[in-house]
Amino acid sequence: MGLNRWCRRMPCLCLVIWLVFAGAVAGARNTASDRQPGGEIFLYFVDPEAGYLAGEPRNIDFFDERKDPGEFYTRIVEELISGPKTRLEAPLSAQTDVRAVYAGAAGVAYVDLSAEAADLHTKGVRSELLSVYSIVNTLILNSNGIQAVQILIEGSPVQTLAGHVDIRLPLNAQMLLVR
């Protein structure tokens with residue numbers, strides 16, 4: 001009888017978990033729509049102790065997303081590469097250049113990085129996963145129009161950044177990597 005009752009409640013439990021998770025993502029996205037130019041954003045850096053991404057608030061003088069989305073997105077990725085102001089770690093080598101960041105159709109942002117992003121990357125599956133989603137989550141959660149991010153190296157799609165994480169297609173935010 002106890003197992004039968006638990007099984008009947010399982011769909012309800014799944015719905016509650018889904019609503020909580022969806023609300024957390026929606027709450028993070030709502031802050032982007034309320035933000036004014038020059039306001040606070042969150043950059044998602046690597047937390048080496050926990051093995052996850054951690055948000056670091058940053059007040060940066062950036063362009064208004066509505067007036068020049070490409071410049072706005074480029075500034076965010078440059079800030080991410082320049083590194084954190086805390087014990088967290090930058091996702092990519094400081095020698096990485098942001099060649100361009102632009103918004104394409106259907107809410108996809110394209111991040112074009114120099115070859116150093118791949119050539120100087122610390123090898124390892126977890127390291128690469130966190131690097132990729134540091135960029136993806138930072139852009140999606142700090143913008144109004146980006147739904148997915150495609151990472152390019154020297155203007156071309158590549159299979160992986162460092163041999164493990166498939167980046168051939170645009171990626172969505174991955175909130176399970178954020179603590």
# chains A, B, ... in the order shown; residues from 1 in each chain; ligands from 1

call {"tool": "select_by_dssp", "arguments": {"residues": "stretch 27-160 of chain A", "states": "alpha helix (DSSP H)", "output": "PyMOL selection string"}}
result
chain A and resi 27-34+69-82+116-119+125-141

call {"tool": "write_last_selection", "arguments": {"atoms": "N, CA and C atoms", "output": "tab-separated table (two decimals), in the first residue's frame"}}
result
chain	number	residue	atom	x	y	z
A	27	GLY	N	13.70	33.34	-13.38
A	27	GLY	CA	14.11	34.44	-12.49
A	27	GLY	C	15.44	35.02	-12.92
A	28	ALA	N	16.37	34.17	-13.33
A	28	ALA	CA	17.67	34.66	-13.79
A	28	ALA	C	17.51	35.46	-15.07
A	29	ARG	N	16.61	35.03	-15.96
A	29	ARG	CA	16.42	35.74	-17.21
A	29	ARG	C	15.69	37.06	-16.99
A	30	ASN	N	14.80	37.15	-15.99
A	30	ASN	CA	14.08	38.38	-15.76
A	30	ASN	C	15.02	39.50	-15.35
A	31	THR	N	16.10	39.20	-14.68
A	31	THR	CA	17.01	40.25	-14.27
A	31	THR	C	17.66	40.90	-15.49
A	32	ALA	N	17.87	40.17	-16.57
A	32	ALA	CA	18.46	40.74	-17.78
A	32	ALA	C	17.52	41.76	-18.41
A	33	SER	N	16.22	41.47	-18.42
A	33	SER	CA	15.29	42.39	-19.06
A	33	SER	C	15.10	43.67	-18.24
A	34	ASP	N	15.35	43.61	-16.94
A	34	ASP	CA	15.19	44.78	-16.09
A	34	ASP	C	16.44	45.64	-16.02
A	69	PRO	N	23.79	45.16	-30.07
A	69	PRO	CA	23.91	43.85	-29.43
A	69	PRO	C	25.30	43.22	-29.56
A	70	GLY	N	25.91	43.31	-30.74
A	70	GLY	CA	27.22	42.71	-30.94
A	70	GLY	C	28.28	43.28	-30.02
A	71	GLU	N	28.28	44.59	-29.86
A	71	GLU	CA	29.25	45.24	-28.97
A	71	GLU	C	28.97	44.86	-27.51
A	72	PHE	N	27.71	44.81	-27.15
A	72	PHE	CA	27.31	44.42	-25.80
A	72	PHE	C	27.80	43.00	-25.50
A	73	TYR	N	27.54	42.06	-26.39
A	73	TYR	CA	27.93	40.67	-26.17
A	73	TYR	C	29.45	40.51	-26.18
A	74	THR	N	30.12	41.23	-27.07
A	74	THR	CA	31.59	41.17	-27.13
A	74	THR	C	32.19	41.64	-25.81
A	75	ARG	N	31.66	42.72	-25.27
A	75	ARG	CA	32.17	43.27	-24.00
A	75	ARG	C	32.01	42.25	-22.87
A	76	ILE	N	30.89	41.55	-22.85
A	76	ILE	CA	30.66	40.55	-21.81
A	76	ILE	C	31.68	39.41	-21.92
A	77	VAL	N	31.92	38.90	-23.12
A	77	VAL	CA	32.87	37.80	-23.30
A	77	VAL	C	34.29	38.27	-22.98
A	78	GLU	N	34.64	39.49	-23.35
A	78	GLU	CA	35.97	40.03	-23.01
A	78	GLU	C	36.15	40.11	-21.50
A	79	GLU	N	35.12	40.53	-20.79
A	79	GLU	CA	35.18	40.58	-19.33
A	79	GLU	C	35.36	39.18	-18.74
A	80	LEU	N	34.69	38.21	-19.33
A	80	LEU	CA	34.79	36.83	-18.87
A	80	LEU	C	36.22	36.32	-19.04
A	81	ILE	N	36.81	36.59	-20.19
A	81	ILE	CA	38.18	36.14	-20.46
A	81	ILE	C	39.19	36.89	-19.60
A	82	SER	N	38.91	38.14	-19.28
A	82	SER	CA	39.87	38.92	-18.46
A	82	SER	C	40.00	38.34	-17.06
A	116	GLU	N	43.81	30.58	-29.80
A	116	GLU	CA	44.33	30.37	-28.45
A	116	GLU	C	43.29	29.76	-27.51
A	117	ALA	N	42.02	29.99	-27.78
A	117	ALA	CA	40.97	29.42	-26.93
A	117	ALA	C	41.09	27.90	-26.91
A	118	ALA	N	41.41	27.31	-28.04
A	118	ALA	CA	41.57	25.85	-28.12
A	118	ALA	C	43.00	25.42	-27.85
A	119	ASP	N	43.97	26.13	-28.44
A	119	ASP	CA	45.38	25.73	-28.34
A	119	ASP	C	45.92	25.79	-26.92
A	125	VAL	N	38.04	16.73	-19.49
A	125	VAL	CA	36.63	16.79	-19.81
A	125	VAL	C	35.92	17.85	-18.97
A	126	ARG	N	36.08	17.81	-17.67
A	126	ARG	CA	35.36	18.75	-16.79
A	126	ARG	C	35.80	20.18	-17.06
A	127	SER	N	37.09	20.39	-17.25
A	127	SER	CA	37.60	21.73	-17.53
A	127	SER	C	37.00	22.30	-18.81
A	128	GLU	N	36.93	21.46	-19.84
A	128	GLU	CA	36.37	21.91	-21.11
A	128	GLU	C	34.87	22.18	-20.98
A	129	LEU	N	34.17	21.31	-20.29
A	129	LEU	CA	32.73	21.48	-20.07
A	129	LEU	C	32.45	22.81	-19.37
A	130	LEU	N	33.21	23.11	-18.33
A	130	LEU	CA	33.01	24.35	-17.59
A	130	LEU	C	33.39	25.57	-18.43
A	131	SER	N	34.41	25.46	-19.25
A	131	SER	CA	34.80	26.57	-20.12
A	131	SER	C	33.70	26.90	-21.12
A	132	VAL	N	33.19	25.88	-21.75
A	132	VAL	CA	32.14	26.07	-22.76
A	132	VAL	C	30.91	26.70	-22.13
A	133	TYR	N	30.45	26.13	-21.01
A	133	TYR	CA	29.22	26.63	-20.41
A	133	TYR	C	29.41	27.92	-19.62
A	134	SER	N	30.63	28.27	-19.32
A	134	SER	CA	30.89	29.59	-18.75
A	134	SER	C	30.50	30.66	-19.77
A	135	ILE	N	30.88	30.45	-21.00
A	135	ILE	CA	30.55	31.39	-22.09
A	135	ILE	C	29.05	31.35	-22.38
A	136	VAL	N	28.53	30.15	-22.56
A	136	VAL	CA	27.12	29.97	-22.92
A	136	VAL	C	26.21	30.57	-21.85
A	137	ASN	N	26.39	30.17	-20.60
A	137	ASN	CA	25.52	30.66	-19.52
A	137	ASN	C	25.65	32.16	-19.32
A	138	THR	N	26.87	32.67	-19.38
A	138	THR	CA	27.06	34.11	-19.19
A	138	THR	C	26.31	34.91	-20.23
A	139	LEU	N	26.39	34.52	-21.48
A	139	LEU	CA	25.69	35.27	-22.53
A	139	LEU	C	24.17	35.12	-22.43
A	140	ILE	N	23.69	33.91	-22.27
A	140	ILE	CA	22.25	33.70	-22.25
A	140	ILE	C	21.60	34.37	-21.04
A	141	LEU	N	22.21	34.24	-19.88
A	141	LEU	CA	21.59	34.77	-18.66
A	141	LEU	C	21.75	36.28	-18.50

call {"tool": "select_by_dssp", "arguments": {"residues": "stretch 30-174 of chain A", "states": "strand (DSSP E)", "output": "MDAnalysis selection string"}}
result
chainID A and resid 40:47 52:59 98:103 108:113 148:153 156:157

call {"tool": "write_last_selection", "arguments": {"atoms": "N, CA and C atoms", "output": "compact mmCIF listing (two decimals), in the first residue's frame"}}
result
# COMPACT_ATOMS: atom_id res chain seq x y z
N GLU A 40 24.57 46.00 -13.34
CA GLU A 40 25.26 44.80 -12.88
C GLU A 40 24.89 43.59 -13.75
N ILE A 41 25.90 42.80 -14.06
CA ILE A 41 25.69 41.54 -14.74
C ILE A 41 26.38 40.46 -13.91
N PHE A 42 26.13 39.20 -14.26
CA PHE A 42 26.81 38.09 -13.60
C PHE A 42 27.63 37.35 -14.63
N LEU A 43 28.92 37.21 -14.32
CA LEU A 43 29.83 36.43 -15.15
C LEU A 43 30.01 35.08 -14.47
N TYR A 44 29.93 34.01 -15.23
CA TYR A 44 30.03 32.67 -14.66
C TYR A 44 31.43 32.11 -14.87
N PHE A 45 32.20 32.11 -13.77
CA PHE A 45 33.57 31.64 -13.77
C PHE A 45 33.65 30.24 -13.18
N VAL A 46 34.79 29.61 -13.35
CA VAL A 46 35.04 28.26 -12.85
C VAL A 46 35.43 28.33 -11.38
N ASP A 47 34.74 27.54 -10.57
CA ASP A 47 35.08 27.41 -9.16
C ASP A 47 35.93 26.15 -9.04
N TYR A 52 32.38 23.47 -10.31
CA TYR A 52 31.18 24.00 -10.95
C TYR A 52 31.44 25.43 -11.37
N LEU A 53 30.41 26.05 -11.97
CA LEU A 53 30.47 27.47 -12.30
C LEU A 53 29.87 28.26 -11.14
N ALA A 54 30.42 29.45 -10.93
CA ALA A 54 29.89 30.33 -9.89
C ALA A 54 29.76 31.73 -10.48
N GLY A 55 28.67 32.38 -10.18
CA GLY A 55 28.43 33.72 -10.70
C GLY A 55 29.16 34.76 -9.88
N GLU A 56 29.77 35.70 -10.58
CA GLU A 56 30.44 36.83 -9.93
C GLU A 56 29.78 38.10 -10.46
N PRO A 57 29.19 38.90 -9.57
CA PRO A 57 28.57 40.14 -10.05
C PRO A 57 29.64 41.11 -10.53
N ARG A 58 29.32 41.81 -11.57
CA ARG A 58 30.28 42.76 -12.13
C ARG A 58 29.53 43.97 -12.64
N ASN A 59 29.95 45.14 -12.22
CA ASN A 59 29.45 46.38 -12.78
C ASN A 59 30.44 46.81 -13.84
N VAL A 98 38.74 37.84 -28.51
CA VAL A 98 37.37 37.74 -28.98
C VAL A 98 37.37 38.40 -30.36
N ARG A 99 37.24 37.60 -31.39
CA ARG A 99 37.25 38.13 -32.76
C ARG A 99 35.94 38.84 -33.07
N ALA A 100 34.83 38.26 -32.63
CA ALA A 100 33.51 38.87 -32.84
C ALA A 100 32.48 38.09 -32.05
N VAL A 101 31.43 38.78 -31.68
CA VAL A 101 30.25 38.13 -31.11
C VAL A 101 29.08 38.81 -31.78
N TYR A 102 28.22 38.02 -32.38
CA TYR A 102 27.09 38.62 -33.07
C TYR A 102 25.85 37.75 -32.91
N ALA A 103 24.70 38.40 -33.00
CA ALA A 103 23.42 37.70 -32.88
C ALA A 103 22.94 37.30 -34.26
N VAL A 108 20.14 32.92 -31.70
CA VAL A 108 21.45 32.28 -31.58
C VAL A 108 22.55 33.34 -31.64
N ALA A 109 23.43 33.31 -30.66
CA ALA A 109 24.60 34.19 -30.66
C ALA A 109 25.81 33.37 -31.11
N TYR A 110 26.65 33.98 -31.92
CA TYR A 110 27.87 33.34 -32.40
C TYR A 110 29.06 34.02 -31.74
N VAL A 111 29.88 33.22 -31.06
CA VAL A 111 31.07 33.73 -30.37
C VAL A 111 32.27 33.23 -31.14
N ASP A 112 32.97 34.14 -31.80
CA ASP A 112 34.14 33.79 -32.60
C ASP A 112 35.40 34.12 -31.80
N LEU A 113 36.13 33.07 -31.41
CA LEU A 113 37.34 33.23 -30.59
C LEU A 113 38.58 32.92 -31.41
N ALA A 148 20.50 30.55 -27.43
CA ALA A 148 21.54 29.53 -27.59
C ALA A 148 22.82 30.21 -28.07
N VAL A 149 23.95 29.54 -27.88
CA VAL A 149 25.25 30.10 -28.24
C VAL A 149 26.03 29.08 -29.05
N GLN A 150 26.59 29.53 -30.16
CA GLN A 150 27.47 28.72 -31.01
C GLN A 150 28.88 29.28 -30.87
N ILE A 151 29.82 28.44 -30.49
CA ILE A 151 31.22 28.87 -30.35
C ILE A 151 31.97 28.52 -31.62
N LEU A 152 32.66 29.51 -32.16
CA LEU A 152 33.47 29.34 -33.36
C LEU A 152 34.93 29.59 -33.00
N ILE A 153 35.84 28.97 -33.72
CA ILE A 153 37.27 29.23 -33.56
C ILE A 153 37.79 29.72 -34.90
N SER A 156 35.25 29.63 -37.80
CA SER A 156 34.66 28.39 -38.29
C SER A 156 34.14 27.53 -37.15
N PRO A 157 33.07 26.79 -37.41
CA PRO A 157 32.62 25.83 -36.40
C PRO A 157 33.69 24.75 -36.24

call {"tool": "atom_distance", "arguments": {"atom1": "atom CA of A:Gln147", "atom2": "atom CA of A:Val165"}}
result
19.2 Å

call {"tool": "closest_residue", "arguments": {"among": "A:Gly107, A:Ile167, A:Leu120, A:Ala50", "to": "A:Gln95", "atoms": "only C-alpha atoms"}}
result
A:Leu120

call {"tool": "atom_distance", "arguments": {"atom1": "atom CA of A:Lys85", "atom2": "atom CA of A:Lys67"}}
result
28.4 Å

call {"tool": "atom_distance", "arguments": {"atom1": "atom CA of A:Gly163", "atom2": "atom CA of A:Gly51"}}
result
18.9 Å

call {"tool": "closest_residue", "arguments": {"among": "A:Asn142, A:Ala162, A:Gln174, A:Gly83", "to": "A:Ala115", "atoms": "only C-alpha atoms"}}
result
A:Ala162

call {"tool": "closest_residue", "arguments": {"among": "A:Ile60, A:Leu92, A:Met175, A:Ala105", "to": "A:Leu161", "atoms": "only C-alpha atoms"}}
result
A:Leu92

call {"tool": "decode", "arguments": {"residues": "stretch 127-138 of chain A", "atoms": "all heavy atoms", "output": "PDB file, in the first residue's frame"}}
result
ATOM      1  N   SER A 127      37.085  20.391 -17.247  1.00  0.00           N
ATOM      2  CA  SER A 127      37.603  21.730 -17.534  1.00  0.00           C
ATOM      3  C   SER A 127      37.000  22.296 -18.814  1.00  0.00           C
ATOM      4  O   SER A 127      36.593  23.456 -18.872  1.00  0.00           O
ATOM      5  CB  SER A 127      39.132  21.665 -17.650  1.00  0.00           C
ATOM      6  OG  SER A 127      39.645  22.899 -18.071  1.00  0.00           O
ATOM      7  N   GLU A 128      36.935  21.465 -19.844  1.00  0.00           N
ATOM      8  CA  GLU A 128      36.366  21.913 -21.114  1.00  0.00           C
ATOM      9  C   GLU A 128      34.866  22.176 -20.980  1.00  0.00           C
ATOM     10  O   GLU A 128      34.355  23.167 -21.498  1.00  0.00           O
ATOM     11  CB  GLU A 128      36.613  20.872 -22.201  1.00  0.00           C
ATOM     12  CG  GLU A 128      36.101  21.310 -23.554  1.00  0.00           C
ATOM     13  CD  GLU A 128      36.375  20.270 -24.636  1.00  0.00           C
ATOM     14  OE1 GLU A 128      37.037  19.251 -24.363  1.00  0.00           O
ATOM     15  OE2 GLU A 128      35.920  20.489 -25.762  1.00  0.00           O
ATOM     16  N   LEU A 129      34.167  21.312 -20.286  1.00  0.00           N
ATOM     17  CA  LEU A 129      32.732  21.484 -20.074  1.00  0.00           C
ATOM     18  C   LEU A 129      32.447  22.810 -19.372  1.00  0.00           C
ATOM     19  O   LEU A 129      31.574  23.573 -19.779  1.00  0.00           O
ATOM     20  CB  LEU A 129      32.184  20.320 -19.242  1.00  0.00           C
ATOM     21  CG  LEU A 129      30.686  20.291 -19.005  1.00  0.00           C
ATOM     22  CD1 LEU A 129      29.948  19.977 -20.308  1.00  0.00           C
ATOM     23  CD2 LEU A 129      30.343  19.250 -17.945  1.00  0.00           C
ATOM     24  N   LEU A 130      33.208  23.107 -18.330  1.00  0.00           N
ATOM     25  CA  LEU A 130      33.009  24.353 -17.594  1.00  0.00           C
ATOM     26  C   LEU A 130      33.389  25.572 -18.430  1.00  0.00           C
ATOM     27  O   LEU A 130      32.732  26.615 -18.359  1.00  0.00           O
ATOM     28  CB  LEU A 130      33.789  24.324 -16.280  1.00  0.00           C
ATOM     29  CG  LEU A 130      33.292  23.297 -15.257  1.00  0.00           C
ATOM     30  CD1 LEU A 130      34.202  23.256 -14.050  1.00  0.00           C
ATOM     31  CD2 LEU A 130      31.853  23.548 -14.862  1.00  0.00           C
ATOM     32  N   SER A 131      34.411  25.460 -19.249  1.00  0.00           N
ATOM     33  CA  SER A 131      34.803  26.571 -20.118  1.00  0.00           C
ATOM     34  C   SER A 131      33.705  26.898 -21.123  1.00  0.00           C
ATOM     35  O   SER A 131      33.341  28.060 -21.309  1.00  0.00           O
ATOM     36  CB  SER A 131      36.088  26.238 -20.874  1.00  0.00           C
ATOM     37  OG  SER A 131      37.172  26.145 -19.991  1.00  0.00           O
ATOM     38  N   VAL A 132      33.190  25.879 -21.754  1.00  0.00           N
ATOM     39  CA  VAL A 132      32.144  26.070 -22.762  1.00  0.00           C
ATOM     40  C   VAL A 132      30.909  26.705 -22.126  1.00  0.00           C
ATOM     41  O   VAL A 132      30.380  27.707 -22.604  1.00  0.00           O
ATOM     42  CB  VAL A 132      31.796  24.730 -23.451  1.00  0.00           C
ATOM     43  CG1 VAL A 132      30.498  24.845 -24.243  1.00  0.00           C
ATOM     44  CG2 VAL A 132      32.943  24.282 -24.344  1.00  0.00           C
ATOM     45  N   TYR A 133      30.452  26.133 -21.011  1.00  0.00           N
ATOM     46  CA  TYR A 133      29.217  26.628 -20.408  1.00  0.00           C
ATOM     47  C   TYR A 133      29.407  27.924 -19.616  1.00  0.00           C
ATOM     48  O   TYR A 133      28.436  28.607 -19.318  1.00  0.00           O
ATOM     49  CB  TYR A 133      28.526  25.533 -19.604  1.00  0.00           C
ATOM     50  CG  TYR A 133      27.816  24.601 -20.548  1.00  0.00           C
ATOM     51  CD1 TYR A 133      28.381  23.386 -20.921  1.00  0.00           C
ATOM     52  CD2 TYR A 133      26.614  24.980 -21.138  1.00  0.00           C
ATOM     53  CE1 TYR A 133      27.750  22.553 -21.826  1.00  0.00           C
ATOM     54  CE2 TYR A 133      25.979  24.156 -22.049  1.00  0.00           C
ATOM     55  CZ  TYR A 133      26.551  22.958 -22.388  1.00  0.00           C
ATOM     56  OH  TYR A 133      25.927  22.151 -23.304  1.00  0.00           O
ATOM     57  N   SER A 134      30.634  28.269 -19.322  1.00  0.00           N
ATOM     58  CA  SER A 134      30.892  29.587 -18.755  1.00  0.00           C
ATOM     59  C   SER A 134      30.497  30.656 -19.768  1.00  0.00           C
ATOM     60  O   SER A 134      29.813  31.630 -19.447  1.00  0.00           O
ATOM     61  CB  SER A 134      32.378  29.715 -18.395  1.00  0.00           C
ATOM     62  OG  SER A 134      32.678  31.028 -18.016  1.00  0.00           O
ATOM     63  N   ILE A 135      30.885  30.454 -21.004  1.00  0.00           N
ATOM     64  CA  ILE A 135      30.551  31.392 -22.088  1.00  0.00           C
ATOM     65  C   ILE A 135      29.050  31.347 -22.380  1.00  0.00           C
ATOM     66  O   ILE A 135      28.380  32.381 -22.445  1.00  0.00           O
ATOM     67  CB  ILE A 135      31.357  31.054 -23.356  1.00  0.00           C
ATOM     68  CG1 ILE A 135      32.849  31.227 -23.112  1.00  0.00           C
ATOM     69  CG2 ILE A 135      30.894  31.902 -24.533  1.00  0.00           C
ATOM     70  CD1 ILE A 135      33.736  30.600 -24.169  1.00  0.00           C
ATOM     71  N   VAL A 136      28.530  30.149 -22.562  1.00  0.00           N
ATOM     72  CA  VAL A 136      27.119  29.972 -22.923  1.00  0.00           C
ATOM     73  C   VAL A 136      26.205  30.570 -21.851  1.00  0.00           C
ATOM     74  O   VAL A 136      25.328  31.391 -22.146  1.00  0.00           O
ATOM     75  CB  VAL A 136      26.803  28.478 -23.161  1.00  0.00           C
ATOM     76  CG1 VAL A 136      25.310  28.256 -23.332  1.00  0.00           C
ATOM     77  CG2 VAL A 136      27.567  27.946 -24.368  1.00  0.00           C
ATOM     78  N   ASN A 137      26.385  30.167 -20.596  1.00  0.00           N
ATOM     79  CA  ASN A 137      25.520  30.661 -19.519  1.00  0.00           C
ATOM     80  C   ASN A 137      25.653  32.157 -19.323  1.00  0.00           C
ATOM     81  O   ASN A 137      24.653  32.842 -19.113  1.00  0.00           O
ATOM     82  CB  ASN A 137      25.832  29.931 -18.210  1.00  0.00           C
ATOM     83  CG  ASN A 137      25.317  28.510 -18.181  1.00  0.00           C
ATOM     84  OD1 ASN A 137      24.773  28.008 -19.160  1.00  0.00           O
ATOM     85  ND2 ASN A 137      25.489  27.851 -17.061  1.00  0.00           N
ATOM     86  N   THR A 138      26.866  32.673 -19.384  1.00  0.00           N
ATOM     87  CA  THR A 138      27.061  34.110 -19.186  1.00  0.00           C
ATOM     88  C   THR A 138      26.306  34.912 -20.234  1.00  0.00           C
ATOM     89  O   THR A 138      25.624  35.884 -19.902  1.00  0.00           O
ATOM     90  CB  THR A 138      28.562  34.468 -19.198  1.00  0.00           C
ATOM     91  OG1 THR A 138      29.199  33.837 -18.071  1.00  0.00           O
ATOM     92  CG2 THR A 138      28.773  35.965 -19.108  1.00  0.00           C
TER      93      THR A 138
END
